[in-house]
$ cat my_file-v6.cif   # mmCIF, C-alpha atoms
data_input
#
loop_
_atom_site.label_atom_id
_atom_site.label_comp_id
_atom_site.auth_asym_id
_atom_site.auth_seq_id
_atom_site.Cartn_x
_atom_site.Cartn_y
_atom_site.Cartn_z
CA MET A 1 135.81 98.58 100.97
CA THR A 2 134.63 102.21 100.85
CA THR A 3 136.17 104.97 102.98
CA TYR A 4 134.95 108.50 103.66
CA SER A 5 137.86 110.93 103.98
CA SER A 6 135.63 113.39 105.82
CA ALA A 7 131.96 114.29 106.14
CA ARG A 8 129.79 117.02 107.59
CA HIS A 9 128.63 114.74 110.41
CA HIS A 10 131.92 112.84 110.78
CA ASN A 11 134.90 115.16 110.29
CA GLU A 12 137.39 112.32 110.65
CA THR A 13 138.30 109.60 108.13
CA TRP A 14 136.17 106.48 108.63
CA VAL A 15 135.03 103.34 106.83
CA LYS A 16 131.58 103.28 105.23
CA ASP A 17 131.43 99.58 104.40
CA GLY A 18 133.32 96.52 103.24
CA TYR A 19 131.94 93.35 101.69
CA LEU A 20 132.56 90.35 99.46
CA LEU A 21 130.80 90.18 96.07
CA VAL A 22 130.67 86.77 94.37
CA ASP A 23 129.35 86.56 90.80
CA ALA A 24 131.40 83.61 89.51
CA SER A 25 132.06 80.15 90.86
CA PRO A 26 135.26 79.82 92.91
CA ILE A 27 135.28 76.14 91.83
CA ASP A 28 135.58 75.19 88.17
CA TRP A 29 132.64 72.77 88.17
CA ALA A 30 130.17 72.91 85.27
CA PRO A 31 126.89 72.76 87.29
CA LEU A 32 128.10 75.51 89.65
CA ASN A 33 129.42 77.59 86.74
CA ASN A 34 125.99 77.43 85.10
CA ILE A 35 124.21 78.47 88.30
CA MET A 36 126.55 81.43 88.82
CA LYS A 37 125.69 82.77 85.36
CA TYR A 38 122.45 83.94 86.97
CA VAL A 39 123.33 84.29 90.68
CA THR A 40 125.22 86.99 92.59
CA ILE A 41 125.96 86.91 96.32
CA ARG A 42 126.95 89.87 98.46
CA ALA A 43 127.96 89.44 102.11
CA GLY A 44 129.52 91.73 104.69
CA HIS A 45 128.78 95.30 105.72
CA PHE A 46 127.21 97.12 102.78
CA GLU A 47 124.74 99.71 101.48
CA ILE A 48 121.50 97.74 101.40
CA ASN A 49 119.69 97.54 98.07
CA TYR A 50 116.35 98.98 99.14
CA GLY A 51 114.73 100.87 96.27
CA ASP A 52 116.50 102.43 93.30
CA ALA A 53 116.75 106.02 94.57
CA HIS A 54 119.99 105.23 96.42
CA PHE A 55 121.65 104.74 93.02
CA ARG A 56 120.83 108.40 92.18
CA ARG A 57 121.65 110.10 95.48
CA THR A 58 124.63 112.05 96.76
CA ASP A 59 126.76 109.93 99.08
CA ASN A 60 129.00 112.46 100.79
CA GLY A 61 131.49 113.57 98.10
CA ASN A 62 130.18 111.05 95.57
CA SER A 63 127.49 113.22 93.98
CA ILE A 64 128.14 112.65 90.27
CA ARG A 65 125.14 110.29 90.01
CA ASN A 66 122.72 112.86 91.47
CA PRO A 67 121.49 115.26 88.74
CA LEU A 68 120.55 117.83 91.40
CA VAL A 69 122.22 119.02 94.61
CA GLY A 70 119.99 117.78 97.45
CA ASN A 71 118.78 114.24 98.15
CA TYR A 72 115.17 113.31 98.90
CA ILE A 73 113.35 114.80 101.89
CA MET A 74 113.04 111.31 103.39
CA ASP A 75 116.35 109.77 102.37
CA ALA A 76 116.35 105.95 102.37
CA PHE A 77 119.99 104.99 102.82
CA THR A 78 121.85 102.89 105.36
CA THR A 79 124.53 100.24 105.69
CA GLU A 80 123.95 96.98 107.58
CA VAL A 81 125.73 93.69 108.21
CA GLY A 82 124.28 90.69 106.38
CA ALA A 83 123.89 89.13 102.94
CA GLU A 84 121.91 89.54 99.73
CA VAL A 85 121.37 86.92 97.00
CA TYR A 86 120.43 87.98 93.45
CA LEU A 87 118.92 86.00 90.59
CA ARG A 88 119.00 87.69 87.15
CA ALA A 89 117.75 86.30 83.84
CA LYS A 90 116.46 87.89 80.61
CA GLY A 91 115.98 91.31 82.18
CA PHE A 92 114.22 90.02 85.31
CA LEU A 93 115.67 90.54 88.77
CA VAL A 94 114.84 88.89 92.11
CA MET A 95 116.73 89.65 95.33
CA GLY A 96 116.36 88.40 98.90
CA GLY A 97 118.44 89.41 101.86
CA VAL A 98 118.76 89.36 105.63
CA THR A 99 120.79 91.66 107.90
CA GLY A 100 121.29 92.34 111.58
CA GLY A 101 118.86 95.25 111.34
CA GLU A 102 121.24 98.02 112.39
CA SER A 103 124.22 99.87 110.99
CA ARG A 104 126.69 98.22 113.37
CA GLY A 105 127.23 94.59 114.34
CA MET A 106 126.50 95.21 118.01
CA ILE A 107 125.71 92.52 120.60
CA ALA A 108 124.18 94.85 123.19
CA ASN A 109 120.46 94.55 124.04
CA PRO A 110 119.94 91.25 122.18
CA ASP A 111 116.31 90.99 123.37
CA LYS A 112 115.48 94.23 121.55
CA ARG A 113 117.04 93.17 118.24
CA ALA A 114 115.63 91.17 115.35
CA PRO A 115 116.81 90.48 111.79
CA SER A 116 115.82 92.76 108.93
CA TYR A 117 114.51 91.18 105.74
CA LEU A 118 114.93 92.70 102.29
CA ALA A 119 113.35 91.84 98.97
CA LYS A 120 113.43 93.35 95.49
CA VAL A 121 111.79 92.25 92.24
CA GLY A 122 112.06 94.02 88.93
CA PHE A 123 112.51 94.14 85.20
CA ASP A 124 115.24 96.09 83.44
CA LYS A 125 115.86 95.97 79.71
CA LYS A 126 117.56 98.13 77.12
CA PHE A 127 115.40 97.61 74.04
CA SER A 128 117.68 99.69 71.79
CA ASP A 129 120.43 102.30 72.01
CA ASP A 130 117.65 104.88 72.43
CA PHE A 131 115.23 103.18 74.79
CA ARG A 132 115.55 101.58 78.25
CA PHE A 133 112.82 100.65 80.74
CA ARG A 134 113.17 99.57 84.37
CA LEU A 135 110.57 98.90 87.05
CA THR A 136 111.34 97.59 90.54
CA ALA A 137 109.52 97.07 93.82
CA SER A 138 111.44 96.78 97.10
CA GLU A 139 110.51 95.87 100.66
CA TYR A 140 112.31 96.23 103.99
CA ALA A 141 111.00 94.94 107.32
CA THR A 142 112.23 94.48 110.86
CA SER A 143 110.07 93.71 113.88
CA SER A 144 112.43 95.05 116.53
CA SER A 145 115.56 97.16 116.64
CA VAL A 146 117.52 99.22 119.15
CA SER A 147 118.16 101.93 116.55
CA ASN A 148 117.14 101.25 112.96
CA THR A 149 118.56 103.76 110.48
CA LEU A 150 116.78 103.11 107.17
CA PHE A 151 115.73 106.78 107.01
CA SER A 152 118.52 108.22 109.15
CA GLY A 153 121.60 106.40 107.90
CA ASP A 154 123.11 109.27 105.90
CA ARG A 155 126.28 110.14 107.81
CA ALA A 156 127.33 112.81 105.31
CA GLY A 157 124.53 115.30 106.02
CA SER A 158 122.31 117.58 103.98
CA ARG A 159 123.47 120.13 101.44
CA TYR A 160 120.99 122.65 102.90
CA TYR A 161 123.08 123.88 105.80
CA ASP A 162 121.25 125.09 108.94
CA VAL A 163 117.86 125.83 107.36
CA LEU A 164 115.08 126.05 109.97
CA GLU A 165 117.39 125.35 112.91
CA ASN A 166 117.69 127.34 116.12
CA THR A 167 120.60 129.61 117.03
CA THR A 168 122.44 126.89 118.98
CA SER A 169 122.63 124.52 116.02
CA THR A 170 125.96 123.32 114.64
CA GLU A 171 126.83 121.93 111.22
CA THR A 172 127.75 118.58 112.79
CA ALA A 173 124.96 118.04 115.33
CA GLN A 174 122.21 119.31 113.00
CA ALA A 175 123.71 117.72 109.90
CA TRP A 176 120.39 116.83 108.25
CA SER A 177 118.77 120.25 107.92
CA GLY A 178 115.86 120.23 105.47
CA ALA A 179 115.44 116.44 105.65
CA MET A 180 112.68 114.52 107.44
CA GLN A 181 113.70 111.57 109.58
CA PRO A 182 110.44 109.88 110.66
CA GLY A 183 111.99 108.29 113.75
CA LEU A 184 110.80 104.74 113.02
CA LYS A 185 113.76 103.28 114.90
CA ASN A 186 112.20 100.44 116.91
CA SER A 187 110.32 98.66 114.11
CA ILE A 188 109.69 99.45 110.47
CA HIS A 189 108.00 97.98 107.41
CA SER A 190 108.68 99.96 104.24
CA PHE A 191 107.76 99.46 100.60
CA VAL A 192 108.79 101.43 97.50
CA VAL A 193 108.12 101.24 93.74
CA ASN A 194 110.58 102.83 91.30
CA PRO A 195 109.73 103.24 87.59
CA PHE A 196 112.47 104.44 85.23
CA LEU A 197 112.22 105.33 81.55
CA GLN A 198 115.05 106.49 79.31
CA PHE A 199 114.47 107.61 75.72
CA ARG A 200 117.50 109.14 74.04
CA GLY A 201 118.49 112.05 76.28
CA LEU A 202 115.32 112.01 78.38
CA GLU A 203 115.13 110.24 81.76
CA ILE A 204 111.98 109.89 83.89
CA PHE A 205 112.30 108.45 87.40
CA GLY A 206 109.67 107.95 90.10
CA ASN A 207 109.63 106.99 93.77
CA ILE A 208 106.35 105.89 95.40
CA GLU A 209 107.08 104.97 99.00
CA ARG A 210 105.15 103.94 102.11
CA ALA A 211 106.68 103.25 105.54
CA LYS A 212 105.08 102.41 108.86
CA GLY A 213 106.59 101.66 112.23
CA ARG A 214 107.26 103.07 115.66
CA ALA A 215 109.94 104.48 117.89
CA ALA A 216 110.93 103.19 121.32
CA GLY A 217 108.11 103.77 123.80
CA GLU A 218 105.41 103.91 121.12
CA THR A 219 102.80 101.15 121.14
CA ASP A 220 101.09 102.03 117.83
CA ASN A 221 102.52 102.38 114.34
CA ARG A 222 102.82 105.65 112.45
CA THR A 223 102.68 105.88 108.65
CA TRP A 224 104.79 108.06 106.34
CA LYS A 225 104.28 108.48 102.60
CA GLN A 226 106.75 109.88 100.07
CA ASN A 227 106.20 110.58 96.38
CA VAL A 228 108.89 111.82 94.02
CA GLY A 229 108.86 112.62 90.31
CA GLU A 230 112.09 113.47 88.50
CA ALA A 231 112.90 114.37 84.91
CA VAL A 232 116.32 114.86 83.33
CA TYR A 233 117.14 115.81 79.74
CA ARG A 234 120.73 115.39 78.53
CA PHE A 235 121.90 117.00 75.28
CA LEU A 236 124.86 118.10 73.13
CA PRO A 237 127.46 115.55 71.94
CA ASN A 238 128.20 112.97 74.66
CA GLN A 239 125.34 114.51 76.71
CA GLN A 240 127.68 117.05 78.29
CA LEU A 241 124.86 119.36 79.39
CA TYR A 242 121.58 118.52 81.09
CA VAL A 243 118.59 120.13 82.75
CA ALA A 244 116.68 118.50 85.60
CA ALA A 245 113.57 118.95 87.74
CA ARG A 246 112.26 117.10 90.79
CA TYR A 247 109.09 117.39 92.85
CA ASN A 248 109.14 115.69 96.27
CA THR A 249 106.36 115.43 98.88
CA VAL A 250 106.38 113.73 102.29
CA LYS A 251 103.43 113.26 104.64
CA GLY A 252 103.13 111.53 108.02
CA GLN A 253 102.75 111.68 111.79
CA LEU A 254 105.48 113.11 113.99
CA THR A 255 104.02 111.25 116.99
CA VAL A 256 101.22 108.73 117.49
CA GLY A 257 97.74 110.25 117.48
CA THR A 258 98.72 113.64 116.02
CA PRO A 259 97.60 115.06 112.65
CA ASP A 260 99.79 114.48 109.61
CA VAL A 261 102.41 117.04 108.68
CA THR A 262 103.50 117.68 105.09
CA VAL A 263 106.75 118.81 103.48
CA LYS A 264 106.93 119.82 99.81
CA ARG A 265 110.08 120.50 97.81
CA THR A 266 110.66 121.67 94.23
CA GLN A 267 114.14 121.46 92.68
CA ILE A 268 115.04 122.82 89.24
CA GLY A 269 118.55 122.88 87.86
CA GLY A 270 121.12 121.46 85.53
CA GLY A 271 124.72 120.48 85.06
CA TRP A 272 127.73 120.60 82.78
CA PHE A 273 130.25 117.76 82.48
CA LEU A 274 133.50 119.57 81.76
CA THR A 275 135.11 116.11 81.54
CA PRO A 276 133.58 112.65 82.19
CA ASN A 277 134.61 112.91 85.86
CA LEU A 278 134.30 116.68 86.45
CA LEU A 279 130.80 118.14 86.86
CA THR A 280 129.40 121.50 87.91
CA LYS A 281 125.75 121.75 89.00
CA ILE A 282 123.30 124.53 89.79
CA GLU A 283 119.92 124.15 91.48
CA TYR A 284 117.01 126.31 92.60
CA VAL A 285 115.24 124.78 95.62
CA ASN A 286 111.93 125.78 97.20
CA GLN A 287 110.74 123.86 100.29
CA LYS A 288 107.64 124.41 102.46
CA TYR A 289 106.49 122.91 105.77
CA LEU A 290 102.75 122.53 106.33
CA ASP A 291 100.62 121.69 109.40
CA PHE A 292 103.50 121.43 111.86
CA PRO A 293 102.68 122.08 115.56
CA THR A 294 102.93 125.70 116.71
CA THR A 295 105.68 124.68 119.14
CA ASP A 296 107.82 123.30 116.28
CA ILE A 297 110.36 125.66 114.69
CA ARG A 298 109.26 124.33 111.29
CA ASN A 299 105.67 125.59 111.78
CA GLY A 300 104.89 127.71 108.71
CA GLY A 301 108.52 127.39 107.68
CA LYS A 302 109.97 127.62 104.20
CA PHE A 303 113.28 128.19 102.48
CA LYS A 304 114.31 128.81 98.90
CA GLY A 305 117.36 129.82 96.95
CA PHE A 306 120.15 128.74 94.63
CA MET A 307 122.78 126.08 95.24
CA VAL A 308 125.98 125.62 93.20
CA GLU A 309 128.08 122.46 93.50
CA GLY A 310 131.27 121.15 91.96
CA VAL A 311 131.95 117.41 91.66
CA VAL A 312 135.17 115.53 91.05
CA ALA A 313 134.93 111.74 90.66
CA PHE A 314 138.05 109.58 90.87
#

$ encode --input "my_file-v6.cif" --output "structure tokens"
Amino acid sequence: MTTYSSARHHNETWVKDGYLLVDASPIDWAPLNNIMKYVTIRAGHFEINYGDAHFRRTDNGNSIRNPLVGNYIMDAFTTEVGAEVYLRAKGFLVMGGVTGGESRGMIANPDKRAPSYLAKVGFDKKFSDDFRFRLTASEYATSSSVSNTLFSGDRAGSRYYDVLENTTSTETAQAWSGAMQPGLKNSIHSFVVNPFLQFRGLEIFGNIERAKGRAAGETDNRTWKQNVGEAVYRFLPNQQLYVAARYNTVKGQLTVGTPDVTVKRTQIGGGWFLTPNLLTKIEYVNQKYLDFPTTDIRNGGKFKGFMVEGVVAF
């Protein structure tokens, strides 16, 4: 079980998820023991394994895995109730899963709800102490939902407080400043490919993502595209210091039948591990909004500046 002590969007203590993970046979029977050498089962309420970017993002206070301060513009993260089954052998990975399609196990509006289906295939191998390669492809699909949160499930909120918000905004209500939530809450079909290459202190990570779907009241699908390239170089003994850069673009329709809008973000920074669980980070961020409607506060908008963050992991 994971608990948030407090968050920007939820100031109170609350539970993120809780689940059962089975990777060994509960019965000492040779055929089942052999099967469970390759099989893992996860069931309950959990962070769904869509894509690999959620392994490198900031989850409220848990930001030690993120080399920079902010998450992606279109942040794929949510928790749902269901199960995932994994098969791993010789570096290959296959996963299939099914969930209730929403972040809570509600029984309201059953006619508007349908299961969500997840799939992931990939290859991950460490060829030597210096070289590791990973490539995965993930898919998420649901035909109907009251309020799907694949791209709006981050309860913690953005690190870029109150950028491009109006004067009545609050840190809680407008918790996701600087992010783009495409509003595909009624149905969604999303696909992402994540290549990863590690050679000594150098890490290269990519995110090529396509999502289409619609909100309640929309009869046609809208499409959103996100591309991310990230590079990290770690150096000194035990890789205590690192530098990092990320370029992130998002493009899609705010509403059906309107021209695409575009958001571009550049992040450059680095970090210093004072101890294995104590990290300080600095980042320069530059974000621009293009082709937004003239009635939208983000029309012609941009923000830039430095962010400094301290991380304690325990």

$ closest_residue --input "my_file-v6.cif" --among "A:Arg134, A:Arg104, A:Lys120, A:Arg56" --to "Phe196 in chain A" --atoms "all atoms listed in the file"
A:Arg134

$ closest_residue --input "my_file-v6.cif" --among "A:Pro259, A:Pro115, A:Gly206, A:Gly269" --to "Gly305 in chain A" --atoms "only C-alpha atoms"
A:Gly269

$ closest_residue --input "my_file-v6.cif" --among "A:Ile64, A:Phe55, A:Asp17, A:Gln253" --to "Gly82 in chain A" --atoms "all atoms listed in the file"
A:Asp17

$ resolve_selection --input "my_file-v6.cif" --expression "the PyMOL selection byres ((chain A and resi 144) around 8)" --output "list of chain:residue names"
A:Lys112, A:Arg113, A:Ala114, A:Pro115, A:Thr142, A:Ser143, A:Ser145, A:Val146, A:Asn186, A:Ser187, A:Ile188

$ resolve_selection --input "my_file-v6.cif" --expression "the PyMOL selection byres ((chain A and resi 238-247) around 8)" --output "PyMOL selection string"
chain A and resi 67-68+201+228-237+248-249+264-274

$ atom_distance --input "my_file-v6.cif" --atom1 "CA of Ser103 in chain A" --atom2 "CA of Tyr160 in chain A"
24.4 Å

$ resolve_selection --input "my_file-v6.cif" --expression "the PyMOL selection byres ((chain A and resi 41) around 6)" --output "list in words"
Leu21, Val22, Thr40, Arg42, Glu84 and Val85 of chain A

$ atom_distance --input "my_file-v6.cif" --atom1 "CA of Phe77 in chain A" --atom2 "CA of Ile48 in chain A"
7.5 Å

$ atom_distance --input "my_file-v6.cif" --atom1 "CA of Ala179 in chain A" --atom2 "CA of Tyr161 in chain A"
10.7 Å

$ closest_residue --input "my_file-v6.cif" --among "A:Gln287, A:Thr2, A:Asn194, A:Asn34" --to "Met180 in chain A" --atoms "all atoms listed in the file"
A:Gln287

$ axis_aligned_box --input "my_file-v6.cif" --around "range 114-133 of chain A" --padding-each-side "6 Å" --output "lines of an AutoDock Vina configuration file"
center_x = 116.1
center_y = 97.7
center_z = 93.6
size_x = 20.6
size_y = 26.4
size_z = 55.6

$ closest_residue --input "my_file-v6.cif" --among "A:Lys304, A:Gly183, A:Thr294, A:Phe191" --to "Val256 in chain A" --atoms "only C-alpha atoms"
A:Gly183

$ closest_residue --input "my_file-v6.cif" --among "A:Tyr50, A:Phe131, A:Tyr72, A:Tyr284" --to "Val193 in chain A" --atoms "only C-alpha atoms"
A:Tyr50

$ residues_around --input "my_file-v6.cif" --residues "Asp59 in chain A" --least-positions-apart "4" --cutoff "12 Å" --atoms "all atoms listed in the file" --output "PDB file with C-alpha atoms, keeping the file's coordinate frame"
ATOM      1  CA  THR A   2     134.630 102.210 100.850  1.00  0.00           C
ATOM      2  CA  THR A   3     136.170 104.970 102.980  1.00  0.00           C
ATOM      3  CA  TYR A   4     134.950 108.500 103.660  1.00  0.00           C
ATOM      4  CA  SER A   6     135.630 113.390 105.820  1.00  0.00           C
ATOM      5  CA  ALA A   7     131.960 114.290 106.140  1.00  0.00           C
ATOM      6  CA  ARG A   8     129.790 117.020 107.590  1.00  0.00           C
ATOM      7  CA  LYS A  16     131.580 103.280 105.230  1.00  0.00           C
ATOM      8  CA  GLU A  47     124.740  99.710 101.480  1.00  0.00           C
ATOM      9  CA  ALA A  53     116.750 106.020  94.570  1.00  0.00           C
ATOM     10  CA  HIS A  54     119.990 105.230  96.420  1.00  0.00           C
ATOM     11  CA  PHE A  55     121.650 104.740  93.020  1.00  0.00           C
ATOM     12  CA  SER A  63     127.490 113.220  93.980  1.00  0.00           C
ATOM     13  CA  ILE A  64     128.140 112.650  90.270  1.00  0.00           C
ATOM     14  CA  ARG A  65     125.140 110.290  90.010  1.00  0.00           C
ATOM     15  CA  ASN A  66     122.720 112.860  91.470  1.00  0.00           C
ATOM     16  CA  VAL A  69     122.220 119.020  94.610  1.00  0.00           C
ATOM     17  CA  GLY A  70     119.990 117.780  97.450  1.00  0.00           C
ATOM     18  CA  ASN A  71     118.780 114.240  98.150  1.00  0.00           C
ATOM     19  CA  ASP A  75     116.350 109.770 102.370  1.00  0.00           C
ATOM     20  CA  ALA A  76     116.350 105.950 102.370  1.00  0.00           C
ATOM     21  CA  PHE A  77     119.990 104.990 102.820  1.00  0.00           C
ATOM     22  CA  THR A  78     121.850 102.890 105.360  1.00  0.00           C
ATOM     23  CA  THR A  79     124.530 100.240 105.690  1.00  0.00           C
ATOM     24  CA  GLY A 153     121.600 106.400 107.900  1.00  0.00           C
ATOM     25  CA  ASP A 154     123.110 109.270 105.900  1.00  0.00           C
ATOM     26  CA  ARG A 155     126.280 110.140 107.810  1.00  0.00           C
ATOM     27  CA  ALA A 156     127.330 112.810 105.310  1.00  0.00           C
ATOM     28  CA  GLY A 157     124.530 115.300 106.020  1.00  0.00           C
ATOM     29  CA  SER A 158     122.310 117.580 103.980  1.00  0.00           C
ATOM     30  CA  ARG A 159     123.470 120.130 101.440  1.00  0.00           C
ATOM     31  CA  VAL A 311     131.950 117.410  91.660  1.00  0.00           C
ATOM     32  CA  ALA A 313     134.930 111.740  90.660  1.00  0.00           C
TER      33      ALA A 313
END

$ residues_around --input "my_file-v6.cif" --residues "Ala211 in chain A" --least-positions-apart "2" --cutoff "9 Å" --atoms "all atoms listed in the file" --output "PDB file with C-alpha atoms, in the coordinates of the input"
ATOM      1  CA  LEU A 184     110.800 104.740 113.020  1.00  0.00           C
ATOM      2  CA  ILE A 188     109.690  99.450 110.470  1.00  0.00           C
ATOM      3  CA  HIS A 189     108.000  97.980 107.410  1.00  0.00           C
ATOM      4  CA  SER A 190     108.680  99.960 104.240  1.00  0.00           C
ATOM      5  CA  PHE A 191     107.760  99.460 100.600  1.00  0.00           C
ATOM      6  CA  VAL A 192     108.790 101.430  97.500  1.00  0.00           C
ATOM      7  CA  GLU A 209     107.080 104.970  99.000  1.00  0.00           C
ATOM      8  CA  GLY A 213     106.590 101.660 112.230  1.00  0.00           C
ATOM      9  CA  ARG A 222     102.820 105.650 112.450  1.00  0.00           C
ATOM     10  CA  THR A 223     102.680 105.880 108.650  1.00  0.00           C
ATOM     11  CA  TRP A 224     104.790 108.060 106.340  1.00  0.00           C
ATOM     12  CA  LYS A 225     104.280 108.480 102.600  1.00  0.00           C
ATOM     13  CA  GLN A 226     106.750 109.880 100.070  1.00  0.00           C
TER      14      GLN A 226
END

$ build_atoms --input "my_file-v6.cif" --residues "range 135-143 of chain A" --atoms "all heavy atoms" --output "PDB file, in the frame of the given file"
ATOM      1  N   LEU A 135     111.599  98.782  86.021  1.00  0.00           N
ATOM      2  CA  LEU A 135     110.570  98.900  87.050  1.00  0.00           C
ATOM      3  C   LEU A 135     110.917  97.926  88.167  1.00  0.00           C
ATOM      4  O   LEU A 135     111.087  96.724  87.928  1.00  0.00           O
ATOM      5  CB  LEU A 135     109.188  98.563  86.487  1.00  0.00           C
ATOM      6  CG  LEU A 135     108.029  98.583  87.493  1.00  0.00           C
ATOM      7  CD1 LEU A 135     107.796  99.995  88.028  1.00  0.00           C
ATOM      8  CD2 LEU A 135     106.757  98.033  86.852  1.00  0.00           C
ATOM      9  N   THR A 136     111.033  98.446  89.401  1.00  0.00           N
ATOM     10  CA  THR A 136     111.340  97.590  90.540  1.00  0.00           C
ATOM     11  C   THR A 136     110.411  97.902  91.702  1.00  0.00           C
ATOM     12  O   THR A 136     109.880  99.009  91.825  1.00  0.00           O
ATOM     13  CB  THR A 136     112.796  97.767  91.028  1.00  0.00           C
ATOM     14  OG1 THR A 136     112.967  99.081  91.561  1.00  0.00           O
ATOM     15  CG2 THR A 136     113.788  97.525  89.896  1.00  0.00           C
ATOM     16  N   ALA A 137     110.238  96.915  92.556  1.00  0.00           N
ATOM     17  CA  ALA A 137     109.520  97.070  93.820  1.00  0.00           C
ATOM     18  C   ALA A 137     110.400  96.480  94.914  1.00  0.00           C
ATOM     19  O   ALA A 137     110.938  95.374  94.758  1.00  0.00           O
ATOM     20  CB  ALA A 137     108.170  96.363  93.779  1.00  0.00           C
ATOM     21  N   SER A 138     110.550  97.214  96.016  1.00  0.00           N
ATOM     22  CA  SER A 138     111.440  96.780  97.100  1.00  0.00           C
ATOM     23  C   SER A 138     110.702  96.828  98.427  1.00  0.00           C
ATOM     24  O   SER A 138     109.820  97.670  98.638  1.00  0.00           O
ATOM     25  CB  SER A 138     112.673  97.693  97.184  1.00  0.00           C
ATOM     26  OG  SER A 138     113.397  97.710  95.980  1.00  0.00           O
ATOM     27  N   GLU A 139     111.120  95.941  99.333  1.00  0.00           N
ATOM     28  CA  GLU A 139     110.510  95.870 100.660  1.00  0.00           C
ATOM     29  C   GLU A 139     111.603  95.704 101.707  1.00  0.00           C
ATOM     30  O   GLU A 139     112.605  95.028 101.476  1.00  0.00           O
ATOM     31  CB  GLU A 139     109.531  94.705 100.733  1.00  0.00           C
ATOM     32  CG  GLU A 139     108.732  94.644 102.026  1.00  0.00           C
ATOM     33  CD  GLU A 139     107.681  93.540 101.992  1.00  0.00           C
ATOM     34  OE1 GLU A 139     107.876  92.578 101.214  1.00  0.00           O
ATOM     35  OE2 GLU A 139     106.696  93.628 102.729  1.00  0.00           O
ATOM     36  N   TYR A 140     111.385  96.340 102.859  1.00  0.00           N
ATOM     37  CA  TYR A 140     112.310  96.230 103.990  1.00  0.00           C
ATOM     38  C   TYR A 140     111.472  96.102 105.249  1.00  0.00           C
ATOM     39  O   TYR A 140     110.524  96.867 105.455  1.00  0.00           O
ATOM     40  CB  TYR A 140     113.197  97.477 104.074  1.00  0.00           C
ATOM     41  CG  TYR A 140     114.138  97.507 105.262  1.00  0.00           C
ATOM     42  CD1 TYR A 140     115.463  97.102 105.138  1.00  0.00           C
ATOM     43  CD2 TYR A 140     113.706  97.941 106.514  1.00  0.00           C
ATOM     44  CE1 TYR A 140     116.328  97.131 106.218  1.00  0.00           C
ATOM     45  CE2 TYR A 140     114.562  97.965 107.598  1.00  0.00           C
ATOM     46  CZ  TYR A 140     115.870  97.563 107.446  1.00  0.00           C
ATOM     47  OH  TYR A 140     116.726  97.582 108.519  1.00  0.00           O
ATOM     48  N   ALA A 141     111.808  95.148 106.118  1.00  0.00           N
ATOM     49  CA  ALA A 141     111.000  94.940 107.320  1.00  0.00           C
ATOM     50  C   ALA A 141     111.859  94.425 108.456  1.00  0.00           C
ATOM     51  O   ALA A 141     112.698  93.536 108.274  1.00  0.00           O
ATOM     52  CB  ALA A 141     109.873  93.944 107.041  1.00  0.00           C
ATOM     53  N   THR A 142     111.645  94.999 109.633  1.00  0.00           N
ATOM     54  CA  THR A 142     112.230  94.480 110.860  1.00  0.00           C
ATOM     55  C   THR A 142     111.218  94.667 111.983  1.00  0.00           C
ATOM     56  O   THR A 142     110.567  95.711 112.072  1.00  0.00           O
ATOM     57  CB  THR A 142     113.566  95.160 111.205  1.00  0.00           C
ATOM     58  OG1 THR A 142     114.161  94.516 112.332  1.00  0.00           O
ATOM     59  CG2 THR A 142     113.385  96.639 111.522  1.00  0.00           C
ATOM     60  N   SER A 143     111.077  93.654 112.825  1.00  0.00           N
ATOM     61  CA  SER A 143     110.070  93.710 113.880  1.00  0.00           C
ATOM     62  C   SER A 143     110.561  94.388 115.137  1.00  0.00           C
ATOM     63  O   SER A 143     109.765  94.880 115.947  1.00  0.00           O
ATOM     64  CB  SER A 143     109.604  92.284 114.227  1.00  0.00           C
ATOM     65  OG  SER A 143     110.702  91.503 114.690  1.00  0.00           O
TER      66      SER A 143
END
